[in-house]
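See below for structure_2.txt, which holds compact mmCIF, C-alpha atoms.
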# COMPACT_ATOMS: atom_id res chain seq x y z
CA MET F 1 -55.65 94.44 43.83
CA SER F 2 -52.21 96.00 43.81
CA LYS F 3 -50.19 96.20 46.98
CA PRO F 4 -49.80 99.62 48.59
CA SER F 5 -46.50 101.32 47.82
CA ASN F 6 -43.82 101.77 50.44
CA LYS F 7 -44.60 105.48 50.32
CA SER F 8 -48.30 104.96 51.10
CA LEU F 9 -47.45 102.51 53.88
CA PHE F 10 -45.14 105.11 55.38
CA ASP F 11 -47.85 107.75 55.05
CA ILE F 12 -50.31 105.48 56.87
CA LYS F 13 -47.76 104.85 59.62
CA MET F 14 -47.16 108.56 60.12
CA MET F 15 -50.87 109.41 60.13
CA THR F 16 -51.51 106.64 62.64
CA GLN F 17 -48.80 108.18 64.80
CA ALA F 18 -50.48 111.59 64.47
CA MET F 19 -53.77 110.06 65.62
CA MET F 20 -52.10 108.56 68.67
CA LEU F 21 -50.88 112.06 69.53
CA ALA F 22 -54.37 113.49 69.02
CA ARG F 23 -55.81 111.01 71.55
CA ARG F 24 -53.59 112.56 74.22
CA GLY F 25 -56.08 115.40 74.18
CA ASN F 26 -59.08 113.14 74.82
CA TYR F 27 -59.75 114.68 78.24
CA THR F 28 -58.60 118.24 77.75
CA THR F 29 -59.37 119.91 74.40
CA HIS F 30 -63.08 120.75 74.93
CA PRO F 31 -64.57 122.56 73.05
CA ASN F 32 -61.86 122.22 70.41
CA PRO F 33 -61.22 119.09 68.34
CA ARG F 34 -58.46 116.62 69.17
CA VAL F 35 -55.65 116.98 66.64
CA GLY F 36 -52.19 115.50 66.21
CA CYS F 37 -49.32 116.41 63.90
CA VAL F 38 -46.08 114.71 62.85
CA LEU F 39 -43.32 116.51 60.93
CA VAL F 40 -41.11 114.34 58.73
CA GLN F 41 -37.86 115.25 56.96
CA GLU F 42 -36.22 112.77 54.56
CA GLY F 43 -38.13 109.84 56.00
CA LYS F 44 -37.40 110.68 59.64
CA VAL F 45 -39.68 112.21 62.28
CA ILE F 46 -38.22 115.56 63.31
CA ALA F 47 -41.04 116.77 65.58
CA GLU F 48 -44.45 115.86 66.97
CA GLY F 49 -47.25 117.94 68.38
CA TRP F 50 -50.82 117.78 69.58
CA HIS F 51 -53.49 120.18 70.75
CA HIS F 52 -53.47 120.21 74.55
CA ARG F 53 -56.42 122.47 75.41
CA ALA F 54 -58.40 125.43 74.12
CA GLY F 55 -56.21 128.53 74.02
CA ASP F 56 -52.98 126.54 73.73
CA ALA F 57 -51.07 126.07 70.48
CA HIS F 58 -52.73 123.91 67.86
CA ALA F 59 -51.07 120.63 66.90
CA GLU F 60 -49.12 122.02 63.93
CA VAL F 61 -47.69 124.93 65.90
CA ASP F 62 -46.99 122.65 68.86
CA ALA F 63 -44.95 120.41 66.55
CA LEU F 64 -43.07 123.39 65.08
CA ASP F 65 -42.36 124.65 68.60
CA HIS F 66 -40.59 121.35 69.36
CA LEU F 67 -37.98 122.05 66.69
CA SER F 68 -34.71 123.59 67.87
CA SER F 69 -35.03 125.94 64.87
CA ILE F 70 -38.04 126.58 62.66
CA HIS F 71 -35.70 126.39 59.65
CA LEU F 72 -35.48 122.63 60.22
CA ALA F 73 -39.03 122.37 58.85
CA LYS F 74 -38.00 123.65 55.41
CA GLY F 75 -38.74 120.92 52.88
CA ALA F 76 -40.59 118.77 55.44
CA THR F 77 -43.89 116.88 55.21
CA ALA F 78 -46.58 117.49 57.83
CA TYR F 79 -49.08 114.76 58.70
CA VAL F 80 -52.13 116.27 60.38
CA THR F 81 -55.33 114.55 61.54
CA LEU F 82 -57.52 117.59 60.76
CA GLU F 83 -57.24 120.36 58.17
CA PRO F 84 -55.01 123.18 59.43
CA CYS F 85 -57.10 126.16 60.49
CA SER F 86 -57.09 129.25 58.30
CA HIS F 87 -58.69 131.78 60.64
CA THR F 88 -57.62 133.66 63.75
CA GLY F 89 -59.46 132.53 66.85
CA ARG F 90 -57.81 131.96 70.20
CA THR F 91 -54.64 131.26 68.21
CA ALA F 92 -53.15 132.31 64.85
CA PRO F 93 -53.86 130.32 61.65
CA CYS F 94 -51.95 127.04 61.42
CA SER F 95 -51.98 127.12 57.62
CA GLN F 96 -49.85 130.27 57.70
CA ALA F 97 -47.49 128.76 60.28
CA LEU F 98 -46.80 125.80 57.98
CA ILE F 99 -46.28 128.09 54.99
CA VAL F 100 -43.83 130.31 56.89
CA ALA F 101 -41.96 127.23 58.16
CA GLY F 102 -41.30 126.08 54.58
CA VAL F 103 -43.19 122.79 54.68
CA VAL F 104 -43.51 121.43 51.12
CA ARG F 105 -46.13 118.68 51.59
CA VAL F 106 -49.11 118.37 53.92
CA VAL F 107 -51.05 115.13 54.33
CA VAL F 108 -54.39 115.66 56.04
CA ALA F 109 -56.78 112.98 57.29
CA MET F 110 -59.97 115.02 56.87
CA GLN F 111 -61.30 118.45 56.02
CA ASP F 112 -62.38 120.59 58.96
CA PRO F 113 -66.21 120.73 59.20
CA ASN F 114 -66.01 124.10 60.93
CA PRO F 115 -67.57 126.64 58.51
CA LEU F 116 -64.79 129.07 59.43
CA VAL F 117 -62.30 126.65 57.84
CA ALA F 118 -64.09 124.09 55.60
CA GLY F 119 -61.39 123.75 52.94
CA ARG F 120 -59.92 127.24 53.22
CA GLY F 121 -56.86 125.98 55.03
CA LEU F 122 -56.17 123.44 52.30
CA ALA F 123 -56.68 126.11 49.64
CA GLN F 124 -54.22 128.47 51.33
CA LEU F 125 -51.59 125.75 51.44
CA ARG F 126 -52.07 124.90 47.76
CA GLU F 127 -51.94 128.59 46.78
CA ALA F 128 -48.57 128.77 48.52
CA GLY F 129 -47.29 125.95 46.29
CA ILE F 130 -47.49 123.23 48.93
CA THR F 131 -48.52 119.74 47.85
CA VAL F 132 -51.70 118.86 49.74
CA GLU F 133 -53.31 115.43 50.08
CA CYS F 134 -56.55 114.97 52.03
CA GLY F 135 -58.51 111.87 53.05
CA LEU F 136 -55.87 109.48 54.41
CA LEU F 137 -57.51 107.40 57.19
CA GLU F 138 -60.49 109.76 57.21
CA THR F 139 -62.84 107.24 58.88
CA GLU F 140 -60.42 106.81 61.77
CA ALA F 141 -59.92 110.56 61.99
CA ARG F 142 -63.67 111.18 62.30
CA GLU F 143 -63.77 108.81 65.28
CA LEU F 144 -61.42 111.16 67.13
CA ASN F 145 -63.93 114.01 67.08
CA LEU F 146 -67.44 112.61 66.71
CA GLY F 147 -68.92 115.34 68.89
CA PHE F 148 -67.11 118.28 67.28
CA ILE F 149 -68.02 117.01 63.80
CA LYS F 150 -71.69 116.46 64.64
CA ARG F 151 -71.94 119.89 66.26
CA MET F 152 -70.48 121.53 63.18
CA GLU F 153 -72.47 119.50 60.65
CA GLN F 154 -75.84 119.15 62.42
CA GLY F 155 -75.92 121.72 65.19
CA LEU F 156 -76.29 118.96 67.78
CA PRO F 157 -73.89 117.35 70.26
CA TRP F 158 -72.97 113.66 70.10
CA VAL F 159 -74.98 111.81 72.77
CA SER F 160 -73.86 108.68 74.61
CA VAL F 161 -76.23 107.06 77.11
CA LYS F 162 -74.76 104.98 79.93
CA LEU F 163 -76.93 102.24 81.41
CA ALA F 164 -76.33 99.50 83.97
CA MET F 165 -78.47 96.39 84.11
CA SER F 166 -78.70 92.86 85.37
CA LEU F 167 -78.60 89.87 83.04
CA ASP F 168 -82.40 89.98 82.87
CA GLY F 169 -82.39 93.63 81.81
CA ARG F 170 -83.32 95.28 85.12
CA THR F 171 -81.93 98.55 86.44
CA ALA F 172 -83.43 98.84 89.93
CA MET F 173 -85.41 96.76 92.36
CA ALA F 174 -89.14 97.40 92.75
CA SER F 175 -88.20 99.41 95.87
CA ASN F 176 -86.07 101.67 93.59
CA GLU F 177 -82.87 100.37 95.20
CA SER F 178 -80.19 100.38 92.49
CA GLN F 179 -76.79 100.67 94.20
CA TRP F 180 -74.87 98.83 93.07
CA ILE F 181 -75.80 96.73 90.04
CA THR F 182 -72.26 96.49 88.71
CA GLY F 183 -68.92 96.06 90.43
CA GLU F 184 -66.29 98.66 91.28
CA PRO F 185 -64.19 98.12 88.09
CA ALA F 186 -67.21 98.85 85.88
CA ARG F 187 -68.07 101.94 87.90
CA LYS F 188 -64.49 103.17 87.57
CA ASP F 189 -64.66 102.58 83.83
CA VAL F 190 -67.59 105.02 83.73
CA GLN F 191 -65.33 107.69 85.22
CA PHE F 192 -63.23 107.64 82.04
CA LEU F 193 -66.38 108.11 79.95
CA ARG F 194 -67.31 111.08 82.11
CA ALA F 195 -63.82 112.56 81.81
CA LYS F 196 -63.93 112.41 78.01
CA SER F 197 -67.32 114.11 77.76
CA SER F 198 -68.04 117.82 77.49
CA ALA F 199 -71.11 117.50 79.71
CA ILE F 200 -72.92 114.98 81.89
CA LEU F 201 -76.70 115.09 81.57
CA THR F 202 -79.34 113.78 83.96
CA GLY F 203 -82.95 114.37 84.94
CA GLN F 204 -84.62 115.70 88.06
CA GLY F 205 -85.76 112.20 89.06
CA THR F 206 -82.18 110.96 89.34
CA VAL F 207 -81.14 114.06 91.30
CA LEU F 208 -84.01 113.69 93.78
CA ALA F 209 -83.56 109.93 94.19
CA ASP F 210 -79.76 109.61 94.26
CA ASP F 211 -78.32 113.11 94.90
CA PRO F 212 -75.45 112.34 92.48
CA SER F 213 -72.19 114.25 92.19
CA LEU F 214 -71.88 113.87 88.40
CA ASN F 215 -68.19 114.64 88.49
CA VAL F 216 -64.97 112.89 87.53
CA ARG F 217 -63.43 111.06 90.48
CA LEU F 218 -60.05 110.05 89.09
CA ASP F 219 -56.51 111.16 89.82
CA PRO F 220 -54.81 113.21 87.09
CA ASP F 221 -52.17 110.52 86.63
CA GLU F 222 -54.91 107.99 85.77
CA LEU F 223 -55.68 110.20 82.77
CA SER F 224 -51.98 110.91 82.08
CA LEU F 225 -52.53 114.57 82.91
CA ASP F 226 -50.00 116.95 84.40
CA GLY F 227 -52.53 119.45 85.70
CA GLU F 228 -56.01 119.53 87.15
CA ILE F 229 -58.79 117.40 85.69
CA ARG F 230 -61.35 119.33 83.65
CA GLN F 231 -64.77 118.70 85.16
CA PRO F 232 -67.52 118.27 82.54
CA ILE F 233 -70.45 120.66 82.72
CA ARG F 234 -73.34 119.17 84.71
CA VAL F 235 -76.68 119.48 82.91
CA VAL F 236 -79.99 118.76 84.67
CA LEU F 237 -83.41 118.64 83.02
CA ASP F 238 -85.65 119.88 85.81
CA PRO F 239 -88.94 121.24 84.39
CA GLU F 240 -90.27 122.61 87.70
CA LEU F 241 -86.92 123.34 89.38
CA ALA F 242 -87.44 120.72 92.06
CA ILE F 243 -83.72 120.36 92.74
CA PRO F 244 -82.90 121.31 96.36
CA LEU F 245 -80.45 124.13 96.97
CA ASN F 246 -78.29 121.78 99.04
CA ALA F 247 -77.96 119.17 96.27
CA LYS F 248 -74.47 117.67 96.34
CA MET F 249 -73.58 118.65 92.78
CA LEU F 250 -74.19 122.32 93.56
CA THR F 251 -71.42 122.26 96.17
CA LEU F 252 -68.76 120.84 93.85
CA ARG F 253 -66.26 122.45 91.53
CA GLY F 254 -67.48 122.94 87.99
CA GLU F 255 -70.38 124.47 86.11
CA THR F 256 -74.03 123.40 86.43
CA LEU F 257 -76.74 124.17 83.86
CA ILE F 258 -80.38 123.49 84.64
CA PHE F 259 -83.11 123.50 82.01
CA CYS F 260 -86.61 124.33 83.23
CA LEU F 261 -89.94 125.39 81.75
CA ASP F 262 -90.38 129.09 81.18
CA SER F 263 -93.48 129.02 83.39
CA VAL F 264 -91.38 128.44 86.54
CA ALA F 265 -91.49 131.29 89.06
CA GLU F 266 -88.66 133.80 88.85
CA GLU F 267 -87.99 133.42 92.57
CA ALA F 268 -87.12 129.74 92.14
CA LYS F 269 -84.74 130.59 89.30
CA GLU F 270 -83.07 133.33 91.32
CA ASP F 271 -82.51 131.05 94.32
CA LEU F 272 -80.51 128.65 92.15
CA GLN F 273 -78.71 131.41 90.30
CA ASN F 274 -77.56 132.75 93.66
CA VAL F 275 -75.69 129.49 94.31
CA GLY F 276 -73.97 129.65 90.92
CA VAL F 277 -76.35 127.71 88.68
CA THR F 278 -77.05 128.79 85.12
CA ILE F 279 -80.79 128.54 84.41
CA ILE F 280 -82.10 128.05 80.87
CA ALA F 281 -85.87 128.35 80.55
CA LEU F 282 -87.64 126.88 77.51
CA ALA F 283 -91.26 126.70 76.38
CA GLY F 284 -92.72 123.23 76.90
CA ASP F 285 -93.82 120.92 74.10
CA GLU F 286 -97.43 119.89 73.49
CA ALA F 287 -97.35 117.79 76.67
CA ASN F 288 -95.62 120.61 78.63
CA ARG F 289 -92.36 118.67 78.76
CA LEU F 290 -88.93 120.07 78.03
CA PRO F 291 -88.30 119.78 74.25
CA LEU F 292 -85.28 117.48 74.08
CA ARG F 293 -84.07 118.50 70.64
CA GLU F 294 -84.15 122.17 71.64
CA VAL F 295 -82.20 121.31 74.80
CA LEU F 296 -79.49 119.65 72.73
CA GLN F 297 -79.43 122.48 70.20
CA GLU F 298 -78.91 124.97 73.01
CA LEU F 299 -76.06 122.88 74.40
CA ALA F 300 -74.47 122.78 70.94
CA ARG F 301 -74.71 126.58 70.77
CA ARG F 302 -72.76 126.58 74.04
CA GLU F 303 -70.00 124.54 72.33
CA ILE F 304 -70.87 121.24 73.99
CA ASN F 305 -69.46 118.49 71.76
CA GLU F 306 -70.07 115.23 73.62
CA ILE F 307 -72.79 114.50 76.15
CA HIS F 308 -72.61 111.58 78.56
CA VAL F 309 -76.09 110.73 79.87
CA GLU F 310 -76.64 109.12 83.27
CA ALA F 311 -80.37 109.22 83.90
CA GLY F 312 -83.42 107.11 84.59
CA ALA F 313 -85.41 104.88 82.26
CA ALA F 314 -87.85 107.66 81.35
CA LEU F 315 -85.35 110.27 80.15
CA CYS F 316 -83.05 107.75 78.50
CA GLY F 317 -86.04 106.15 76.79
CA ALA F 318 -87.29 109.54 75.61
CA LEU F 319 -83.90 110.37 74.09
CA VAL F 320 -83.77 107.01 72.30
CA SER F 321 -87.38 107.33 71.09
CA ALA F 322 -86.62 110.79 69.68
CA SER F 323 -83.61 109.41 67.73
CA LEU F 324 -81.27 111.73 69.64
CA VAL F 325 -78.89 109.05 70.90
CA ASP F 326 -75.69 108.20 69.02
CA GLN F 327 -74.41 105.46 71.32
CA LEU F 328 -75.53 103.23 74.17
CA VAL F 329 -72.95 102.03 76.67
CA ILE F 330 -74.55 99.21 78.65
CA TYR F 331 -72.86 97.58 81.63
CA MET F 332 -74.37 94.15 82.24
CA ALA F 333 -73.91 92.44 85.60
CA PRO F 334 -74.06 88.65 86.04
CA HIS F 335 -77.10 88.40 88.26
CA LEU F 336 -80.90 88.35 88.06
CA MET F 337 -83.18 90.93 89.68
CA GLY F 338 -86.58 89.48 88.95
CA SER F 339 -89.69 90.45 87.00
CA ASN F 340 -90.84 93.09 89.51
CA ALA F 341 -87.64 95.10 89.09
CA ARG F 342 -87.53 98.14 86.81
CA GLY F 343 -86.70 97.74 83.14
CA LEU F 344 -83.85 99.31 81.20
CA LEU F 345 -85.71 101.93 79.16
CA ASP F 346 -89.22 103.35 78.93
CA LEU F 347 -90.01 102.89 75.23
CA PRO F 348 -93.69 103.45 74.40
CA ASN F 349 -95.60 102.03 71.43
CA LEU F 350 -93.45 98.95 70.92
CA GLU F 351 -96.28 96.45 70.58
CA GLN F 352 -95.28 94.41 67.53
CA MET F 353 -92.05 92.96 66.19
CA LYS F 354 -92.01 95.58 63.44
CA ASP F 355 -91.78 98.27 66.14
CA ARG F 356 -88.44 97.02 67.39
CA MET F 357 -85.52 99.43 67.47
CA SER F 358 -82.47 98.03 65.73
CA LEU F 359 -78.99 98.35 67.18
CA GLU F 360 -75.53 97.63 65.82
CA ILE F 361 -73.20 96.11 68.41
CA LYS F 362 -69.83 97.84 68.13
CA GLU F 363 -68.02 96.24 71.05
CA ILE F 364 -68.46 93.71 73.83
CA ARG F 365 -65.75 93.39 76.46
CA ALA F 366 -65.38 92.15 79.99
CA ILE F 367 -64.87 94.66 82.81
CA ALA F 368 -63.90 92.30 85.64
CA LYS F 369 -67.09 90.29 86.36
CA ASP F 370 -69.34 92.58 84.31
CA TRP F 371 -69.70 93.09 80.58
CA ARG F 372 -69.63 96.39 78.67
CA ILE F 373 -71.67 96.53 75.50
CA ILE F 374 -71.38 99.47 73.11
CA ALA F 375 -74.29 99.67 70.68
CA VAL F 376 -75.30 102.23 68.07
CA PRO F 377 -78.98 102.83 67.20
CA ILE F 378 -79.81 102.26 63.55
CA ASN F 379 -82.15 105.12 62.69
CA ASP F 380 -83.87 104.44 59.37

Written as C-alpha cells, that's how I'd like the structure from this file.
Amino acid sequence: MSKPSNKSLFDIKMMTQAMMLARRGNYTTHPNPRVGCVLVQEGKVIAEGWHHRAGDAHAEVDALDHLSSIHLAKGATAYVTLEPCSHTGRTAPCSQALIVAGVVRVVVAMQDPNPLVAGRGLAQLREAGITVECGLLETEARELNLGFIKRMEQGLPWVSVKLAMSLDGRTAMASNESQWITGEPARKDVQFLRAKSSAILTGQGTVLADDPSLNVRLDPDELSLDGEIRQPIRVVLDPELAIPLNAKMLTLRGETLIFCLDSVAEEAKEDLQNVGVTIIALAGDEANRLPLREVLQELARREINEIHVEAGAALCGALVSASLVDQLVIYMAPHLMGSNARGLLDLPNLEQMKDRMSLEIKEIRAIAKDWRIIAVPIND
C-alpha cells in the first residue's frame, strides 16, 4: 500500500480541524446539523467557522465573516464537514457564498442527506468551475450528526437509552427505591448527554414515581457556552394523561410534549394545555398502547434529531424490543442489589439462547467509581 501524499495528509488535518469546530455546536445547533469549515490559502489557515445555532450563519459564511475582507478568500480552499447548502431557508445558500467569495476548491466530508440539498450544492459549485472533492473522513463526519442524518434518511430520530444498574444488573430495590444507584460524577455525566439531545423522553410511570425535572442542570461555562443553555424538549408517553398538573417538569423552563391515546377526555387534555403542555393524541395499537414507531415519526416531523431516553424497564424494554434504539448508555455501579431487585429491561419472549439480543460494545470507561458502557444493538 502506498503512503498518503503530503497533500492528502494536509487535507485530512484540515478536515479534522473542521470537525473539531463542528463539535463546538454539539449543544446548540438543534434542529440543524453540526458543521465546521476551514478556509486555507497557500497552505495556511486564513479563517475558521462553525454553525452556532439555527438562524445564525452557517459554517461557511461564519468562516467568510471572520476574514477582514471577503477578497482574501479568492483562490482559497474550503474544507467543510457537510455539503454546502444550496437552498434558502433561515439563511442564504452557502454554495453561492463560496462562489461569490472566489473559492477555487471545496473539500467536503459528506453529502447532505437533506432532500432540499442532496448533491445540489456540490453541483452548483462544480458548475461554477470550482474543484469539488467529497467523501474525505465521511465516517467521522456522519458521527457528528447521527440524529440529523437518520431523520433525513429514515424519518426517525436517533434514540439513545440511558440506564443505571448495579453489578448484578438491577435498577431498583424491590421497594422501588432507586436513588441513587450511581455516584455523583456519573449522574453529572448524564447531564452532558441530556444537553446534547434534542429531546428527553420518559414514561408516565417514571413521572408518577420520581417526579423528575428532565432538564439540564449545568452551568453554561461547563458546556463552553456564552449564552443560556438550550433546554431539550421534554417528551412524556402518558396514555391516560395521569400526569398531575403540579408535576415538577411543568413548572420549569422549556417545552413539554405529552403523547396520549385519542380516547382520553378532552377536559383532561385542556387542563394540561392550559399550563403550557402540547398534547399529541394517537390511536392505540392492538393492545391499546401508544404506538412507539408512530411516536418517533411524529417527533421526527417536529425536527427532533436525537432523543435521550430516561425511563423505566418497561418502556426501555419496549423500545429495544421494537428495534427502535440506536444506542444504550449503561452506567454500572460497583455494588450488588440482590435477586429481588428489579431487572434492567423488560424483554419478553427471550426463553432460549437463540432469542438473545446481540450488542456491540463501543466504549467502556470509568466515571469515578462507576463504569459507563456504550453499546449498540445489532438488528439483523

How far is it from atom CA of Ala265 of chain F to atom CA of Ile279 of chain F, in Å with one decimal?
-> 12.0 Å

Atom CA of Phe192 of chain F and atom CA of Ile258 of chain F, how far apart in Å?
->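 Those two atoms sit 23.5 Å apart.
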
Write out as a PyMOL selection string the residues lying within 8 Å of Arg230 of chain F, counting all atoms listed in the file and excluding same-chain residues fewer than 2 positions away.
-> chain F and resi 27-28+195+228+232

Shell of 7 Å around segment 79-84 of chain F, all atoms listed in the file, local chain residues under 5 positions omitted, as a ChimeraX atom specification | /F:14-15,18-19,35-39,94-95,106-112,121-122,141

Counting only C-alpha atoms, the option among F:Ala128, F:Gly338, F:Ala76, F:Arg187 closest to Gln96 of chain F |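 Selected residue with least distance to Gln96 of chain F: F:Ala128.
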